[in-house]
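Written below as structure tokens is the structure these notes are about.
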Amino acid sequence: MKIRTISLCTSLFLGISVICGCQEKKQMVEVKVDPADKKVEVTVDGKLFTSYIYPNTIMKPTLWPLMSPAGNMLTRSFPLAEKEGDRADHPHHVGVWLNYGDVNGLDFWNNSEAIPEEKRSGYGTIFHQSVDKAESGEGKGVLETSAEWKSPDNQVLLDESTHFDFIALSPDVRIIDRTTTLTAVADEVHFNDNKEGMYAIRVARELELPSDKPTDLVDSHGVVTRVESMDNSKITGNYRSADGVEGEDVWATRSRWMKLSGVINGENVSLVIIDKPSNVGYPTYWHARGYGLFSANPLGQKVFSDGKQELNYSLKKGESTVFKYRLVVTSKNMSDDEINRLADEFAKE
């Protein structure tokens with residue numbers, strides 16, 4: 001009888017330990033600075049999670065690639081790498097980034113190497129300046145960076161200071177918390193109401209929504225080829241908002257979070273962007289498209305509201321504004337309840 005009692009107690013303890021994660025060893029998040037290759041690599045237990053990169057070719061720093069817990073690439077490869085079947089549109093859509101389509105009349109969003117020389121006077125560039133902190137740790141790594149938003153004539157409009165927390169919450173759930181402070185250097189900085197913004201991901205082909213529209217794809221040789229009929233056999237993406245709106249209907253809706261879920265190489269994955277109540281324009285509008293652009297735009301309201309609302313946000317010299325976003329990366333189709341718990345936690349931080 002005593003043996004059975006001890007056995008039962010032991011089993012109960014082990015069960016509670018598994019549920020609460022008491023016995024689960026935290027994963028090591030390592031943040032490695034590589035100035036020669038203009039990147040900072042973030043790994044979880046030695047496997048790539050993402051890299052903060054700032055080459056001269058993409059006109060802003062970005063996180064690329066973004067990998068799932070099982071090692072599948074969640075961001076589009078084009079234009080930085082060749083992957084057969086990638087769409088060859090919007091070369092400015094690279095990785096996970098933050099910028100905007102109209103800052104003092106300059107387009108930071110659409111800038112890329114593809115812009116002809118004669119048109120570059122209308123585009124702004126975000127220049128990485130420094131890595132200010134890079135800390136590794138059990139369960140979490142930290143990266144802090146500085147950048148400058150500049151006009152084509154090299155005038156600084158904004159100083160940017162960004163803090164990243166890379167969190168390994170569990171073996172199948174990872175989080176990137178981004179806090180970006182923008183401080184006006186110019187006498188006045190105007191974020192004029194614009195559709196193109198602001199915190200965004202361009203996702204892998206598999207996470208797009210099925211489409212029959214013709215498009216340009218990259219073939220196995222890296223050559224762009226026009227495809228009239230799309231192959232949707234591996235296209236599994238679907239959007240779902242905090243309010244239960246799904247599919248293409250999420251575009252131009254407002255919600256505190258948005259999930260994009262799908263399957264890549266047999267792995268169920270979810271990408272969730274969570275807005276924070278302290279952000280300007282909360283809850284954000286969603287510039288989320290079926291072709292793979294997944295973006296939160298709190299500042300561009302006129303287009304999304306059919307002209308019923310407009311937000312022209314301004315900073316005077318020395319004034320700052322802060323944008324905070326949580327990106328959840330999972331190896332499962334995360335439930336609304338699970339996301340709401342993470343959103344509630346983020347709102348309180």
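Just remember, in the structure tokens the first chain shown is A, the second B, etc., residues are 1-based per chain, and ligands are 1-based in the order shown.
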Residue contacts of Thr225 (chain A) (10 Å, only C-alpha atoms) excluding same-chain residues fewer than 6 positions away, as a list of chain:residue names: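 Those residues are A:Gly85, A:Arg87, A:Ala88, A:Thr215, A:Asp216, A:Leu217, A:Val218, A:Asp219.
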Dump N, CA, C and O atoms for the selected residues as a JSON list (two decimals), in the first residue's frame?
```
[["chain", "number", "residue", "atom", "x", "y", "z"],
["A", 85, "GLY", "N", 10.36, 29.32, -56.84],
["A", 85, "GLY", "CA", 8.97, 29.53, -56.48],
["A", 85, "GLY", "C", 8.69, 30.81, -55.74],
["A", 85, "GLY", "O", 7.52, 31.17, -55.55],
["A", 87, "ARG", "N", 8.03, 34.67, -55.15],
["A", 87, "ARG", "CA", 7.59, 35.81, -55.93],
["A", 87, "ARG", "C", 8.74, 36.81, -56.10],
["A", 87, "ARG", "O", 9.53, 37.00, -55.18],
["A", 88, "ALA", "N", 8.78, 37.45, -57.25],
["A", 88, "ALA", "CA", 9.85, 38.40, -57.53],
["A", 88, "ALA", "C", 9.34, 39.84, -57.52],
["A", 88, "ALA", "O", 9.87, 40.70, -58.21],
["A", 215, "THR", "N", 1.55, 35.93, -61.91],
["A", 215, "THR", "CA", 2.58, 36.72, -61.24],
["A", 215, "THR", "C", 3.95, 36.31, -61.75],
["A", 215, "THR", "O", 4.09, 35.37, -62.54],
["A", 216, "ASP", "N", 4.99, 37.03, -61.29],
["A", 216, "ASP", "CA", 6.38, 36.70, -61.64],
["A", 216, "ASP", "C", 7.00, 35.91, -60.50],
["A", 216, "ASP", "O", 6.99, 36.34, -59.35],
["A", 217, "LEU", "N", 7.55, 34.74, -60.84],
["A", 217, "LEU", "CA", 8.21, 33.89, -59.86],
["A", 217, "LEU", "C", 9.66, 33.68, -60.25],
["A", 217, "LEU", "O", 10.04, 33.80, -61.41],
["A", 218, "VAL", "N", 10.48, 33.34, -59.24],
["A", 218, "VAL", "CA", 11.88, 33.00, -59.48],
["A", 218, "VAL", "C", 11.97, 31.50, -59.76],
["A", 218, "VAL", "O", 11.42, 30.70, -59.02],
["A", 219, "ASP", "N", 12.69, 31.13, -60.85],
["A", 219, "ASP", "CA", 12.81, 29.71, -61.17],
["A", 219, "ASP", "C", 14.05, 29.12, -60.49],
["A", 219, "ASP", "O", 14.72, 29.78, -59.70]]
```
Residue neighbourhood region 43-48 of chain A, 6 Å, only C-alpha atoms, exclusion window fewer than 4 positions, as an NGL selection string: :A and (27-30)
Just to be explicit: take each residue in the selection above, keep all heavy atoms, and write the result as a PDB file, in the first residue's frame.
```
ATOM      1  N   GLN A  27      16.288  27.084 -22.886  1.00  0.00           N
ATOM      2  CA  GLN A  27      17.137  27.063 -24.071  1.00  0.00           C
ATOM      3  C   GLN A  27      18.100  28.251 -24.049  1.00  0.00           C
ATOM      4  O   GLN A  27      17.770  29.336 -23.580  1.00  0.00           O
ATOM      5  CB  GLN A  27      16.272  27.108 -25.336  1.00  0.00           C
ATOM      6  CG  GLN A  27      15.367  25.891 -25.494  1.00  0.00           C
ATOM      7  CD  GLN A  27      14.358  26.084 -26.604  1.00  0.00           C
ATOM      8  OE1 GLN A  27      13.439  26.874 -26.498  1.00  0.00           O
ATOM      9  NE2 GLN A  27      14.549  25.356 -27.689  1.00  0.00           N
ATOM     10  N   MET A  28      19.282  28.034 -24.584  1.00  0.00           N
ATOM     11  CA  MET A  28      20.296  29.085 -24.618  1.00  0.00           C
ATOM     12  C   MET A  28      20.097  29.954 -25.857  1.00  0.00           C
ATOM     13  O   MET A  28      20.087  29.455 -26.987  1.00  0.00           O
ATOM     14  CB  MET A  28      21.700  28.465 -24.651  1.00  0.00           C
ATOM     15  CG  MET A  28      22.810  29.490 -24.582  1.00  0.00           C
ATOM     16  SD  MET A  28      22.813  30.348 -22.977  1.00  0.00           S
ATOM     17  CE  MET A  28      24.048  31.614 -23.269  1.00  0.00           C
ATOM     18  N   VAL A  29      19.917  31.237 -25.621  1.00  0.00           N
ATOM     19  CA  VAL A  29      19.782  32.197 -26.725  1.00  0.00           C
ATOM     20  C   VAL A  29      21.098  32.966 -26.827  1.00  0.00           C
ATOM     21  O   VAL A  29      21.482  33.686 -25.903  1.00  0.00           O
ATOM     22  CB  VAL A  29      18.614  33.172 -26.487  1.00  0.00           C
ATOM     23  CG1 VAL A  29      18.489  34.137 -27.664  1.00  0.00           C
ATOM     24  CG2 VAL A  29      17.310  32.403 -26.282  1.00  0.00           C
ATOM     25  N   GLU A  30      21.774  32.787 -27.939  1.00  0.00           N
ATOM     26  CA  GLU A  30      23.081  33.428 -28.128  1.00  0.00           C
ATOM     27  C   GLU A  30      22.978  34.524 -29.180  1.00  0.00           C
ATOM     28  O   GLU A  30      22.408  34.316 -30.256  1.00  0.00           O
ATOM     29  CB  GLU A  30      24.130  32.390 -28.551  1.00  0.00           C
ATOM     30  CG  GLU A  30      25.550  32.930 -28.530  1.00  0.00           C
ATOM     31  CD  GLU A  30      26.599  31.861 -28.715  1.00  0.00           C
ATOM     32  OE1 GLU A  30      26.236  30.679 -28.911  1.00  0.00           O
ATOM     33  OE2 GLU A  30      27.798  32.199 -28.657  1.00  0.00           O
TER      34      GLU A  30
END
```
Backbone-only DSSP, strand (DSSP E) members of region 89-314 of chain A, as a PyMOL selection string: chain A and resi 96-100+125-135+137-138+140-150+156-170+173-184+188-191+197-202+215-218+224-227+238-241+257-264+267-275+285-288+293-297+313-314
Interatomic distance, CA of Leu158 (chain A) to CA of Asn297 (chain A) (Å, one decimal): 18.6 Å
Distance table requested - region 135-219 of chain A against region 305-316 of chain A, cut-off 9 Å, only C-alpha atoms: one row per qualifying residue with the closest atom pair and its distance in Å to one decimal, ordered by chain and rising residue number, as a Markdown table.
```
| residue | atom | partner | partner_atom | distance |
| --- | --- | --- | --- | --- |
| A:Thr183 | CA | A:Leu315 | CA | 7.9 |
| A:Ala184 | CA | A:Leu315 | CA | 6.1 |
| A:Val185 | CA | A:Lys316 | CA | 8.2 |
| A:Ala186 | CA | A:Lys316 | CA | 7.6 |
| A:Asp187 | CA | A:Lys316 | CA | 5.8 |
| A:Glu188 | CA | A:Lys316 | CA | 4.5 |
| A:Val189 | CA | A:Leu315 | CA | 5.2 |
| A:His190 | CA | A:Ser314 | CA | 4.4 |
| A:Phe191 | CA | A:Tyr313 | CA | 5.1 |
| A:Asn192 | CA | A:Asn312 | CA | 4.7 |
| A:Asp193 | CA | A:Asn312 | CA | 5.1 |
| A:Asn194 | CA | A:Asn312 | CA | 8.8 |
```
Backbone DSSP call of helix (DSSP H, G or I) for region 95-136 of chain A, listed as a PyMOL selection string: chain A and resi 117-122
Emit the selected residues as a compact mmCIF listing (two decimals), in the first residue's frame, including N, CA, C and O atoms.
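Wrote it out as selection.txt, contents follow:
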```
# COMPACT_ATOMS: atom_id res chain seq x y z
N GLU A 117 18.24 55.73 -60.59
CA GLU A 117 19.01 56.85 -60.06
C GLU A 117 18.25 58.16 -60.15
O GLU A 117 18.27 58.98 -59.21
N GLU A 118 17.54 58.38 -61.25
CA GLU A 118 16.85 59.65 -61.46
C GLU A 118 15.64 59.84 -60.53
O GLU A 118 15.10 60.94 -60.43
N LYS A 119 15.23 58.79 -59.84
CA LYS A 119 14.07 58.90 -58.95
C LYS A 119 14.44 58.81 -57.46
O LYS A 119 13.57 58.94 -56.60
N ARG A 120 15.70 58.65 -57.16
CA ARG A 120 16.10 58.40 -55.77
C ARG A 120 15.97 59.62 -54.87
O ARG A 120 16.02 59.49 -53.65
N SER A 121 15.76 60.79 -55.45
CA SER A 121 15.60 61.99 -54.62
C SER A 121 14.31 61.96 -53.81
O SER A 121 14.15 62.73 -52.87
N GLY A 122 13.40 61.05 -54.14
CA GLY A 122 12.14 60.97 -53.42
C GLY A 122 12.12 59.91 -52.34
O GLY A 122 11.06 59.68 -51.73
```
6 Å contact set for region 201-205 of chain A, only C-alpha atoms, chain neighbours under 5 positions out, as a list in words: Leu74, Thr75, Arg76, His93, Gly95, Val96, Gly292, Leu293 and Phe294 of chain A
Coordinates-based distance that separates CA of Phe49 (chain A) from CA of Gly71 (chain A) (Å, one decimal): 8.0 Å
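With only C-alpha atoms as the atoms that count, the residue of A:Arg178, A:Arg289, A:Arg226, A:Lys348 with the shortest distance to Asn238 (chain A) is A:Arg289.
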